[in-house]
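This is coords-v4.cif. It holds mmCIF, C-alpha atoms.
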```cif
data_target
loop_
_atom_site.label_atom_id
_atom_site.label_comp_id
_atom_site.auth_asym_id
_atom_site.auth_seq_id
_atom_site.Cartn_x
_atom_site.Cartn_y
_atom_site.Cartn_z
CA MET A 10 -4.32 -68.69 14.57
CA SER A 11 -8.01 -68.88 15.44
CA ALA A 12 -10.65 -66.99 13.46
CA ARG A 13 -11.49 -64.89 16.52
CA ALA A 14 -7.89 -63.77 17.01
CA LEU A 15 -7.64 -62.91 13.32
CA SER A 16 -10.82 -60.82 13.50
CA LEU A 17 -9.44 -58.91 16.48
CA ARG A 18 -6.17 -58.12 14.70
CA LEU A 19 -7.67 -57.04 11.37
CA PRO A 20 -9.21 -53.69 12.50
CA GLY A 21 -5.93 -52.58 14.03
CA ALA A 22 -4.02 -53.53 10.91
CA LEU A 23 -6.52 -51.68 8.72
CA ARG A 24 -6.27 -48.58 10.90
CA GLY A 25 -2.48 -48.74 10.64
CA ARG A 26 -2.67 -48.95 6.85
CA GLY A 27 -5.13 -46.04 6.78
CA LYS A 28 -2.76 -43.88 8.83
CA LYS A 29 0.13 -44.77 6.53
CA ARG A 30 -1.93 -43.80 3.47
CA LYS A 31 -2.83 -40.45 5.05
CA ARG A 32 0.80 -39.76 5.90
CA SER A 33 1.90 -40.69 2.39
CA ARG A 34 -0.74 -38.41 0.84
CA ALA A 35 0.32 -35.51 3.09
CA ALA A 36 3.95 -36.10 2.21
CA SER A 37 3.15 -36.18 -1.52
CA LEU A 38 1.58 -32.70 -1.49
CA PRO A 39 3.96 -30.11 -2.99
CA ALA A 40 5.60 -27.45 -0.83
CA GLU A 41 3.58 -24.70 -2.53
CA TYR A 42 0.34 -26.30 -1.36
CA ASN A 43 1.49 -26.37 2.27
CA LEU A 44 2.84 -22.81 2.10
CA LEU A 45 -0.42 -21.48 0.65
CA LEU A 46 -2.51 -23.28 3.24
CA THR A 47 -0.29 -22.17 6.12
CA ALA A 48 -0.25 -18.52 5.06
CA THR A 49 -4.03 -18.49 4.57
CA LEU A 50 -4.82 -20.07 7.93
CA CYS A 51 -2.37 -17.78 9.76
CA LEU A 52 -3.92 -14.69 8.16
CA LEU A 53 -7.42 -15.93 9.03
CA ALA A 54 -6.56 -16.54 12.68
CA PHE A 55 -4.73 -13.25 12.96
CA GLY A 56 -7.63 -11.45 11.29
CA ALA A 57 -10.15 -12.85 13.77
CA VAL A 58 -8.06 -11.57 16.68
CA MET A 59 -7.63 -8.12 15.16
CA VAL A 60 -11.28 -7.79 14.14
CA PHE A 61 -12.28 -8.44 17.75
CA SER A 62 -9.70 -5.98 19.03
CA ALA A 63 -10.71 -3.28 16.54
CA SER A 64 -14.48 -3.66 16.94
CA SER A 65 -15.11 -4.61 20.58
CA THR A 66 -14.31 -1.16 21.98
CA THR A 67 -16.59 0.68 19.59
CA ARG A 68 -19.42 -1.80 20.23
CA VAL A 69 -19.10 -1.25 23.97
CA LEU A 70 -19.03 2.53 23.57
CA SER A 71 -22.04 2.54 21.26
CA ASP A 72 -24.20 0.04 23.21
CA GLY A 73 -23.03 0.80 26.74
CA GLY A 74 -22.53 -2.88 27.67
CA LEU A 75 -20.32 -5.89 27.15
CA SER A 76 -23.02 -8.25 25.89
CA ASP A 77 -22.48 -7.47 22.22
CA SER A 78 -18.74 -6.78 22.14
CA ALA A 79 -18.02 -9.96 20.15
CA TYR A 80 -20.61 -9.25 17.45
CA TYR A 81 -18.14 -8.88 14.57
CA LEU A 82 -15.95 -11.69 15.85
CA GLN A 83 -18.89 -14.11 15.84
CA ARG A 84 -19.84 -13.18 12.29
CA THR A 85 -16.21 -13.43 11.15
CA ALA A 86 -15.89 -16.89 12.69
CA MET A 87 -19.18 -18.02 11.14
CA PHE A 88 -18.34 -16.90 7.62
CA GLY A 89 -14.74 -18.01 8.06
CA LEU A 90 -15.87 -21.59 8.75
CA LEU A 91 -18.23 -21.44 5.76
CA GLY A 92 -15.40 -20.10 3.61
CA LEU A 93 -13.04 -22.85 4.77
CA LEU A 94 -15.64 -25.45 3.77
CA VAL A 95 -15.94 -23.83 0.33
CA MET A 96 -12.13 -23.73 0.06
CA HIS A 97 -11.82 -27.42 0.99
CA LEU A 98 -14.44 -28.57 -1.52
CA THR A 99 -13.01 -26.39 -4.28
CA ALA A 100 -9.47 -27.53 -3.58
CA ARG A 101 -10.46 -31.18 -3.98
CA HIS A 102 -13.17 -31.23 -6.65
CA GLY A 103 -14.02 -27.75 -7.88
CA LEU A 104 -11.71 -26.78 -10.76
CA GLN A 105 -13.49 -28.51 -13.64
CA ILE A 106 -16.92 -27.64 -12.25
CA VAL A 107 -16.01 -23.99 -11.83
CA ARG A 108 -14.63 -23.77 -15.36
CA ARG A 109 -17.83 -25.21 -16.79
CA LEU A 110 -19.90 -22.79 -14.71
CA THR A 111 -17.79 -19.71 -15.52
CA PRO A 112 -20.35 -18.15 -17.95
CA LEU A 113 -23.07 -18.59 -15.33
CA ILE A 114 -20.89 -17.10 -12.55
CA LEU A 115 -20.10 -14.09 -14.74
CA ALA A 116 -23.74 -13.59 -15.71
CA VAL A 117 -24.86 -13.78 -12.07
CA SER A 118 -22.21 -11.26 -10.97
CA LEU A 119 -23.28 -8.77 -13.68
CA PHE A 120 -26.93 -9.22 -12.76
CA LEU A 121 -26.15 -8.56 -9.09
CA LEU A 122 -24.16 -5.44 -9.98
CA LEU A 123 -27.18 -4.13 -11.87
CA ALA A 124 -29.44 -5.06 -8.97
CA VAL A 125 -27.22 -3.08 -6.58
CA LEU A 126 -27.78 0.10 -8.60
CA ALA A 127 -31.54 -0.49 -8.52
CA VAL A 128 -32.30 -1.80 -5.02
CA GLY A 129 -28.96 -1.75 -3.19
CA THR A 130 -28.38 -0.70 0.41
CA ASN A 131 -26.67 2.67 0.88
CA VAL A 132 -23.93 2.79 3.52
CA ASN A 133 -21.79 5.91 4.05
CA GLY A 134 -22.78 7.35 0.70
CA SER A 135 -22.03 4.23 -1.38
CA THR A 136 -24.50 1.66 -2.70
CA ARG A 137 -22.40 -1.50 -2.78
CA TRP A 138 -24.49 -4.05 -0.89
CA LEU A 139 -27.61 -6.14 -1.45
CA GLY A 140 -29.81 -7.20 1.44
CA SER A 141 -29.24 -6.42 5.08
CA GLY A 142 -28.05 -8.03 8.27
CA PHE A 143 -26.97 -11.65 7.98
CA LEU A 144 -27.75 -11.92 4.25
CA GLN A 145 -25.98 -8.76 3.13
CA ILE A 146 -23.64 -9.39 0.19
CA GLN A 147 -21.29 -7.24 -1.90
CA PRO A 148 -21.57 -8.29 -5.57
CA SER A 149 -18.34 -6.54 -6.62
CA GLU A 150 -16.38 -9.17 -4.64
CA LEU A 151 -17.87 -11.94 -6.77
CA ALA A 152 -17.37 -9.88 -9.93
CA LYS A 153 -13.61 -9.60 -9.33
CA VAL A 154 -13.22 -13.36 -9.19
CA ALA A 155 -15.63 -13.93 -12.10
CA LEU A 156 -13.56 -11.72 -14.40
CA ILE A 157 -10.39 -13.69 -13.66
CA LEU A 158 -12.24 -16.96 -14.28
CA TYR A 159 -13.64 -15.66 -17.57
CA GLY A 160 -10.30 -14.30 -18.75
CA ALA A 161 -8.42 -17.49 -17.88
CA ASP A 162 -10.97 -19.64 -19.69
CA MET A 163 -11.06 -17.49 -22.83
CA LEU A 164 -7.30 -16.97 -23.14
CA ALA A 165 -6.55 -20.64 -22.45
CA ARG A 166 -9.02 -21.86 -25.09
CA LYS A 167 -7.71 -19.44 -27.73
CA PRO A 168 -4.16 -18.43 -26.84
CA LYS A 169 -3.74 -16.42 -30.05
CA ARG A 170 -6.23 -13.82 -28.81
CA VAL A 171 -3.69 -12.36 -26.42
CA ARG A 172 -1.34 -11.43 -29.28
CA SER A 173 -3.39 -8.42 -30.38
CA LEU A 174 -5.78 -5.84 -28.99
CA GLU A 175 -8.46 -7.04 -31.40
CA GLY A 176 -8.21 -10.57 -30.05
CA MET A 177 -8.42 -9.40 -26.43
CA MET A 178 -11.31 -7.06 -27.16
CA PRO A 179 -14.16 -9.42 -26.06
CA PHE A 180 -12.49 -9.89 -22.67
CA LEU A 181 -11.69 -6.17 -22.36
CA LEU A 182 -15.28 -5.23 -23.19
CA VAL A 183 -16.61 -7.47 -20.41
CA VAL A 184 -14.05 -5.97 -18.02
CA GLY A 185 -15.05 -2.47 -19.10
CA VAL A 186 -18.77 -3.07 -18.53
CA THR A 187 -18.07 -4.56 -15.10
CA ALA A 188 -15.78 -1.67 -14.17
CA LEU A 189 -18.40 0.91 -15.16
CA LEU A 190 -21.02 -0.82 -13.01
CA VAL A 191 -18.62 -0.84 -10.04
CA VAL A 192 -17.67 2.82 -10.56
CA ALA A 193 -21.37 3.72 -10.60
CA GLU A 194 -21.84 2.39 -7.03
CA PRO A 195 -19.41 4.36 -6.55
CA ASP A 196 -16.34 2.23 -5.78
CA LEU A 197 -13.21 3.39 -7.58
CA GLY A 198 -10.96 1.38 -5.26
CA THR A 199 -12.41 -1.96 -6.36
CA THR A 200 -12.17 -0.79 -9.97
CA MET A 201 -8.44 -0.19 -9.47
CA VAL A 202 -8.05 -3.69 -8.02
CA ILE A 203 -9.89 -5.17 -11.01
CA ALA A 204 -7.64 -3.28 -13.44
CA PHE A 205 -4.40 -4.48 -11.83
CA ALA A 206 -5.63 -8.07 -11.49
CA VAL A 207 -6.75 -8.18 -15.14
CA ALA A 208 -3.36 -6.78 -16.18
CA ALA A 209 -1.62 -9.59 -14.27
CA THR A 210 -3.89 -12.12 -15.98
CA LEU A 211 -3.00 -10.76 -19.41
CA ILE A 212 0.71 -10.82 -18.56
CA ALA A 213 0.45 -14.46 -17.49
CA ALA A 214 -1.33 -15.25 -20.77
CA GLY A 215 1.53 -13.68 -22.77
CA ALA A 216 0.20 -10.25 -23.77
CA ARG A 217 2.61 -7.93 -25.58
CA PRO A 218 4.08 -5.02 -23.54
CA ARG A 219 2.96 -2.53 -26.20
CA ASP A 220 -0.66 -3.62 -25.91
CA LEU A 221 -0.48 -3.52 -22.11
CA ALA A 222 0.95 0.01 -22.26
CA LEU A 223 -1.93 1.18 -24.46
CA ILE A 224 -4.48 -0.41 -22.12
CA GLY A 225 -2.74 1.14 -19.11
CA ALA A 226 -2.75 4.60 -20.68
CA GLY A 227 -6.47 4.31 -21.38
CA LEU A 228 -7.18 3.21 -17.81
CA ALA A 229 -5.09 6.08 -16.39
CA CYS A 230 -7.07 8.62 -18.43
CA PHE A 231 -10.33 7.01 -17.29
CA ALA A 232 -9.24 7.11 -13.62
CA LEU A 233 -8.26 10.79 -13.86
CA LEU A 234 -11.60 11.60 -15.48
CA MET A 235 -13.55 9.75 -12.78
CA THR A 236 -11.53 11.59 -10.12
CA ALA A 237 -12.07 14.99 -11.69
CA ILE A 238 -15.86 14.71 -11.99
CA GLU A 239 -16.39 13.67 -8.36
CA PRO A 240 -15.49 16.28 -5.71
CA TYR A 241 -14.91 13.75 -2.91
CA ARG A 242 -12.45 11.81 -5.05
CA MET A 243 -10.56 14.97 -5.88
CA ALA A 244 -10.52 15.83 -2.17
CA ARG A 245 -9.01 12.42 -1.38
CA LEU A 246 -6.35 12.89 -4.03
CA THR A 247 -5.38 16.35 -2.80
CA SER A 248 -5.36 15.17 0.82
CA PHE A 249 -3.04 12.34 -0.20
CA LEU A 250 -0.68 14.78 -1.89
CA ASP A 251 -0.87 17.23 1.04
CA PRO A 252 -2.36 15.53 4.16
CA GLY A 253 -1.96 18.61 6.35
CA ALA A 254 -3.98 20.86 4.06
CA ASP A 255 -7.31 19.59 5.44
CA ALA A 256 -6.45 17.44 8.45
CA ALA A 257 -9.92 17.93 9.96
CA GLY A 258 -11.80 17.19 6.75
CA ALA A 259 -10.82 15.06 3.76
CA GLY A 260 -7.43 14.26 5.25
CA PHE A 261 -8.74 13.29 8.69
CA GLN A 262 -8.69 9.51 8.21
CA ALA A 263 -5.26 9.48 6.56
CA ALA A 264 -3.81 11.70 9.29
CA GLN A 265 -5.24 9.51 12.06
CA ALA A 266 -3.88 6.38 10.41
CA LYS A 267 -0.40 7.89 10.44
CA ILE A 268 -0.82 8.82 14.09
CA ALA A 269 -1.79 5.22 14.88
CA LEU A 270 1.25 3.85 13.07
CA GLY A 271 3.53 6.35 14.79
CA SER A 272 2.08 5.60 18.23
CA GLY A 273 2.78 1.89 17.81
CA GLY A 274 6.52 2.28 17.41
CA LEU A 275 8.48 -0.94 17.09
CA PHE A 276 6.45 -3.37 19.21
CA GLY A 277 3.12 -1.54 19.65
CA VAL A 278 1.05 -0.71 22.69
CA GLY A 279 -0.38 -4.23 23.00
CA ILE A 280 -3.46 -5.95 21.59
CA GLY A 281 -6.61 -4.25 22.82
CA ASN A 282 -4.80 -1.17 24.14
CA GLY A 283 -5.07 1.00 21.03
CA VAL A 284 -6.81 4.37 21.27
CA GLN A 285 -7.24 5.43 17.64
CA LYS A 286 -9.78 2.68 16.92
CA ALA A 287 -12.13 3.96 19.60
CA PHE A 288 -12.47 7.63 18.70
CA TYR A 289 -10.52 8.56 15.58
CA LEU A 290 -10.53 5.78 12.97
CA PRO A 291 -13.93 5.33 11.26
CA GLU A 292 -14.69 1.67 10.45
CA ALA A 293 -11.43 0.55 12.06
CA HIS A 294 -12.32 -3.14 11.73
CA THR A 295 -12.69 -2.98 7.91
CA ASP A 296 -10.38 -1.10 5.54
CA MET A 297 -8.42 0.65 8.33
CA ILE A 298 -7.52 -2.47 10.28
CA SER A 299 -3.89 -2.14 9.18
CA ALA A 300 -3.66 1.06 11.23
CA VAL A 301 -4.94 -0.83 14.29
CA ILE A 302 -2.31 -3.52 13.70
CA GLY A 303 0.39 -0.87 13.46
CA GLU A 304 -0.70 0.81 16.71
CA GLU A 305 -1.18 -2.32 18.80
CA LEU A 306 1.59 -4.54 17.38
CA GLY A 307 3.92 -1.89 15.98
CA LEU A 308 6.29 -2.30 13.09
CA VAL A 309 6.74 -5.98 14.01
CA GLY A 310 3.04 -6.62 13.39
CA ILE A 311 3.05 -4.86 10.00
CA VAL A 312 6.18 -6.75 8.94
CA GLY A 313 4.54 -10.01 10.00
CA VAL A 314 1.48 -9.30 7.84
CA VAL A 315 3.67 -8.34 4.88
CA GLY A 316 5.68 -11.53 5.40
CA LEU A 317 2.59 -13.74 5.32
CA PHE A 318 1.32 -12.10 2.12
CA SER A 319 4.80 -12.43 0.61
CA LEU A 320 4.76 -16.14 1.46
CA PHE A 321 1.31 -16.44 -0.10
CA GLY A 322 2.45 -14.61 -3.23
CA TYR A 323 5.60 -16.69 -3.64
CA ALA A 324 3.70 -19.97 -3.29
CA GLY A 325 0.92 -18.80 -5.62
CA LEU A 326 3.25 -17.67 -8.40
CA GLN A 327 5.31 -20.86 -8.08
CA THR A 328 2.07 -22.81 -8.43
CA ALA A 329 1.24 -20.87 -11.59
CA LYS A 330 4.70 -21.61 -12.96
CA LYS A 331 4.32 -25.36 -12.33
CA ALA A 332 0.70 -25.67 -13.50
CA LYS A 333 0.04 -28.57 -15.85
CA ASP A 334 -2.01 -26.60 -18.38
CA GLY A 335 -2.44 -23.06 -19.65
CA TYR A 336 -5.75 -22.55 -17.89
CA GLY A 337 -4.27 -23.36 -14.48
CA LYS A 338 -1.30 -21.09 -15.10
CA ILE A 339 -3.40 -18.07 -16.09
CA LEU A 340 -6.03 -18.67 -13.42
CA VAL A 341 -3.59 -19.02 -10.52
CA ALA A 342 -1.54 -16.01 -11.64
CA GLY A 343 -4.70 -13.91 -11.86
CA LEU A 344 -6.19 -14.99 -8.53
CA THR A 345 -2.89 -14.66 -6.67
CA SER A 346 -2.40 -11.18 -8.11
CA LEU A 347 -5.97 -10.27 -7.16
CA ILE A 348 -5.30 -11.00 -3.48
CA LEU A 349 -1.85 -9.40 -3.49
CA VAL A 350 -3.10 -6.23 -5.20
CA GLN A 351 -5.81 -5.80 -2.56
CA ALA A 352 -3.29 -6.24 0.24
CA THR A 353 -0.85 -3.79 -1.37
CA VAL A 354 -3.48 -1.11 -1.99
CA ASN A 355 -4.77 -1.40 1.59
CA LEU A 356 -1.33 -1.23 3.21
CA PHE A 357 -0.12 1.59 0.97
CA ALA A 358 -3.25 3.66 1.68
CA VAL A 359 -2.89 3.26 5.46
CA MET A 360 0.80 4.17 5.32
CA GLY A 361 0.10 7.26 3.21
CA LEU A 362 1.71 5.88 0.04
CA ALA A 363 -1.57 5.82 -1.92
CA PRO A 364 -4.96 7.59 -1.69
CA LEU A 365 -7.56 6.01 0.59
CA THR A 366 -9.82 3.78 -1.50
CA GLY A 367 -11.78 1.63 0.95
CA VAL A 368 -10.16 -1.65 -0.18
CA PRO A 369 -10.14 -4.26 2.63
CA LEU A 370 -7.12 -6.30 3.70
CA PRO A 371 -7.80 -9.87 2.46
CA PHE A 372 -8.44 -12.50 5.17
CA VAL A 373 -7.84 -9.89 7.92
CA SER A 374 -10.40 -7.09 7.52
CA TYR A 375 -14.01 -7.69 8.48
CA GLY A 376 -16.12 -8.36 5.40
CA ASN A 377 -18.17 -11.46 4.77
CA SER A 378 -18.32 -11.23 0.97
CA SER A 379 -14.62 -10.46 0.72
CA LEU A 380 -13.75 -13.38 2.99
CA LEU A 381 -15.85 -15.89 1.06
CA ALA A 382 -14.53 -14.70 -2.31
CA SER A 383 -10.92 -14.84 -1.10
CA LEU A 384 -11.24 -18.36 0.32
CA PHE A 385 -13.00 -19.52 -2.84
CA SER A 386 -10.02 -18.18 -4.81
CA VAL A 387 -7.58 -19.94 -2.50
CA GLY A 388 -9.45 -23.21 -3.02
CA LEU A 389 -8.93 -22.94 -6.79
CA ILE A 390 -5.24 -22.15 -6.32
CA LEU A 391 -4.83 -25.13 -3.99
CA ASN A 392 -6.53 -27.37 -6.54
CA VAL A 393 -3.94 -26.44 -9.16
CA ALA A 394 -1.13 -26.72 -6.57
CA ARG A 395 -2.01 -30.35 -5.90
CA GLY A 396 -1.87 -31.14 -9.62
CA GLY A 397 -5.48 -30.54 -10.66
CA THR A 398 -6.40 -29.53 -14.21
CA ALA A 399 -9.63 -28.48 -15.89
CA ARG A 400 -8.99 -30.36 -19.10
CA ALA A 401 -11.66 -32.76 -20.29
CA GLY A 402 -10.80 -36.35 -19.48
CA LYS A 403 -10.12 -38.77 -22.31
CA LEU A 404 -12.57 -41.59 -22.87
CA ARG A 405 -11.08 -45.06 -22.66
CA VAL A 406 -12.63 -48.10 -24.32
CA VAL A 407 -12.80 -51.06 -21.95
CA GLU A 408 -13.22 -54.41 -23.65
CA GLY A 409 -15.37 -57.10 -22.22
CA GLY A 410 -15.06 -60.89 -22.64
CA ARG A 411 -11.79 -62.70 -22.59
CA SER A 412 -8.64 -61.03 -21.34
CA PRO A 413 -5.66 -60.83 -23.73
CA ALA A 414 -3.18 -63.67 -23.72
CA ARG A 415 -0.55 -63.42 -21.03
CA GLY A 416 2.29 -64.45 -23.27
CA ARG A 417 1.74 -61.72 -25.89
CA SER A 418 5.03 -60.05 -26.80
CA ARG A 419 5.77 -56.33 -26.47
CA SER A 420 6.09 -55.98 -30.23
CA SER A 421 2.59 -57.28 -30.82
CA GLY A 422 1.28 -54.92 -28.11
CA ALA A 423 3.00 -52.03 -29.83
CA ARG A 424 1.46 -53.05 -33.19
CA SER A 425 -1.99 -53.18 -31.63
CA ARG A 426 -1.60 -49.74 -30.08
CA LYS A 427 -0.28 -48.27 -33.32
CA SER A 428 -3.12 -49.68 -35.38
CA GLY A 429 -5.80 -48.11 -33.09
CA GLY A 430 -8.89 -49.44 -31.39
CA GLY A 431 -9.92 -51.60 -34.33
CA SER A 432 -6.87 -53.84 -34.07
CA ARG A 433 -7.86 -54.89 -30.58
CA GLY A 434 -11.11 -56.16 -31.85
CA ASN A 435 -9.29 -58.25 -34.45
CA GLY A 436 -6.65 -59.49 -32.06
CA GLY A 437 -8.87 -62.19 -30.59
CA PRO A 438 -9.76 -63.98 -33.84
CA ARG A 439 -6.17 -63.79 -35.10
CA ARG A 440 -4.83 -65.39 -31.94
CA ALA A 441 -7.50 -68.02 -32.17
CA GLY A 442 -6.53 -68.72 -35.76
CA HIS A 443 -2.85 -69.03 -34.98
CA GLY A 444 -3.60 -71.29 -32.08
CA GLY A 445 -5.74 -73.50 -34.34
CA ARG A 446 -2.98 -73.82 -36.88
CA ARG A 447 -0.46 -74.67 -34.16
CA ARG A 448 -2.73 -77.34 -32.79
CA ALA A 449 -3.32 -78.73 -36.27
CA SER A 450 0.35 -78.91 -37.08
CA GLY A 451 1.14 -80.47 -33.71
#
```
Please rewrite the model in this file as structure tokens.
Amino acid sequence: MSARALSLRLPGALRGRGKKRKRSRAASLPAEYNLLLTATLCLLAFGAVMVFSASSTTRVLSDGGLSDSAYYLQRTAMFGLLGLLVMHLTARHGLQIVRRLTPLILAVSLFLLLAVLAVGTNVNGSTRWLGSGFLQIQPSELAKVALILYGADMLARKPKRVRSLEGMMPFLLVVGVTALLVVAEPDLGTTMVIAFAVAATLIAAGARPRDLALIGAGLACFALLMTAIEPYRMARLTSFLDPGADAAGAGFQAAQAKIALGSGGLFGVGIGNGVQKAFYLPEAHTDMISAVIGEELGLVGIVGVVGLFSLFGYAGLQTAKKAKDGYGKILVAGLTSLILVQATVNLFAVMGLAPLTGVPLPFVSYGNSSLLASLFSVGLILNVARGGTARAGKLRVVEGGRSPARGRSRSSGARSRKSGGGSRGNGGPRRAGHGGRRRASG
């Protein structure tokens, strides 16, 4: 074969080998990895469609034209692509880096929570955001993830801490300070999500049921106190218990959400044909997007959303079960629970099974900070699912000079390994000596 013919065939052969390697890598990924990725991408695509459906009508009615009807869709797509990039990088290389940077991430989140109370932007009576427009962020979304990272790192380094309340106290104090800063915004819904996610993290770490019961009782008393001292929270609680008592006031949003779900029936009125989003559901594209799904896609749409989150939860908890180290197990269990708790609270509130708290539906509701934090969490889960660990790598001594003799027996190799690194250094002279004696006797 001529050199020219060989050069023409080589690129094709190399491309064929590259495709085979890609197929083999894809086939080697565990089922949990593929399930997590599929559920996440489906929820993202579905969320983009529903955000456009829920927001386009109100934009047209408020602006009087069609030019800006895709405003929220464009922003969702932009931050979704950024979040997917973050997820990809974290899934491949981010676990060890994130663990090393956990103290910094926690410190930044606490600083931003303090900054919100000082110079935050007030929207609908709550000061939860920093900045405005394109650069507006919600620090509580970062704080939720930072607490899980901090808890997983601490409890994995010192597993005995989880066996007593005294051992868990440093972690609980950090959680308490963060929760107080979030409540001060005020945002009791996010505080509830933090509490449930931290509880799941402690369970994954092996906390005793008695200690968890004491912590839960303390949190319940704190939640009742925070509800009692704020009139609007008490109004939400009473409207949840009796929605018809103030259907035009505190119970208005809950009553309209039920009307939307009832109007949808089994298959819904069709995407874009809902009425409640236009006149009756405030902020329909954020925490009330589940009501829009129920009206336009009916019970089938709600069941589909629940099915995707169930798939996500199953794959996430299976990943935690199969994690190669304690840190991965605790981290994945905490982050998976964080996303599932948010979805549960949102769906229960819309269906009238829990008080309205303003918690968004992960991956589906409009919210740039929530979307980025959720995809960052998914990236960490995917990293563990593909076998990643955050343990420090072991240093290996590589010898220079001559390579060991090919004919060395297994027993001598075992002796050299058993005697440690020093025996390797002595192996060369000993072999040389034996060889000299053999040559002399020959």
**Residue contacts of region 235-238 of chain A (12 Å, all atoms listed in the file) excluding same-chain residues fewer than 3 positions away, as number ranges by chain** = A: 188-189, 192-193, 195-198, 200-201, 228-232, 241-247, 364, 366
Using 10 Å as the limit and counting all atoms listed in the file, can you tabulate each residue of region 372-406 of chain A that touches region 278-300 of chain A, with its shortest atom-to-atom distance in Å and the two atoms involved, as a tab-separated table?
```
residue	atom	partner	partner_atom	distance
A:Val373	CA	A:Ile298	CA	7.8
A:Ser374	CA	A:Thr295	CA	4.7
A:Tyr375	CA	A:Thr295	CA	4.9
A:Gly376	CA	A:Thr295	CA	6.9
```
CA of Pro39 (chain A) to CA of Ala352 (chain A), distance in Å rounded to a single decimal |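 Taking CA of Pro39 (chain A) and CA of Ala352 (chain A), their separation equals 25.2 Å.
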Quiz item: Which neighbours of Pro112 (chain A) fall inside 12 Å, counting all atoms listed in the file, when residues of the same chain fewer than 5 positions from it are skipped, and could you give them as a PyMOL selection string?
Solution: chain A and resi 106-107+117-119+152+155-163+183
So that I can see what lies close to region 380-386 of chain A, please list as a list in words the residues with an atom at most 8 Å from it, counting only C-alpha atoms and leaving out residues fewer than 5 positions away in the same chain.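 The contact residues come out as Phe88, Gly89, Leu91, Gly92, Leu93, Val95, Met96, Thr99, Glu150, Leu151, Val154, Leu344, Ile348, Pro371, Phe372 and Tyr375 of chain A.
Closest approach to Leu362 (chain A) among A:Phe180, A:Phe321, A:Phe261, A:Phe249: A:Phe249, based on only C-alpha atoms.
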Q. Between A:Leu82, A:Leu365, A:Ala399, A:Ile146, which one has atoms that come closest to Ala259 (chain A), using all atoms listed in the file?
A.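 With all atoms listed in the file as the atom set, the closest residue is A:Leu365.
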Q) Separation of CA of Gly325 (chain A) and CA of Ala358 (chain A), in Å? A)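 Those two atoms sit 24.0 Å apart.
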Work out how far CA of Ala48 (chain A) is from CA of Arg395 (chain A), in Å to one decimal.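 The value is 16.2 Å.
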Exercise. Might you pull out every residue within 8 Å of Gln105 (chain A), with only C-alpha atoms counted and same-chain residues fewer than 3 positions away left off, and present them as number ranges by chain?
Key: A: 102, 108-109, 398-400
Legend entry - Test item: the PyMOL selection byres ((chain A and resi 168-179) around 12) resolved as a ChimeraX atom specification: /A:156,159-167,180-186,207-208,210-224,334-336,339
Please put the answer as lines of an AutoDock Vina configuration file: centre and edge lengths, in Å with one decimal, of a box along x, y and z that encloses all listed atoms of region 383-389 of chain A plus 3 Å on each side.
```
center_x = -10.3
center_y = -19.0
center_z = -3.2
size_x = 11.4
size_y = 14.4
size_z = 13.1
```
_Just checking: using all atoms listed in the file, which residue out of A:Gly103, A:Val58, A:Tyr323, A:Arg68 ends up closest to Ala86 (chain A)?_
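When distances to Ala86 (chain A) are compared using all atoms listed in the file, the smallest one comes from A:Val58.
If only C-alpha atoms are the atoms counted, then among A:Gly313, A:Ser37, A:Gly307, A:Ser378 the closest residue to Ile268 (chain A) is A:Gly307.
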*Kindly resolve the PyMOL selection byres ((chain A and resi 81) around 9) on the present coordinates and return the residues as a ChimeraX atom specification.*
/A:57,60-61,64-65,77-80,82-86,294,375
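Minimum atom-to-atom distances from A:Leu347, A:Val359, A:Ala329, A:Val312 to Lys153 (chain A) were compared using only C-alpha atoms, and the lowest value belongs to A:Leu347.
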Nearest to Trp138 (chain A) by atom-to-atom distance, counting only C-alpha atoms, from A:Ala394, A:Val191, A:Leu98, A:Val341 |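 Nearest to Trp138 (chain A): A:Val191.
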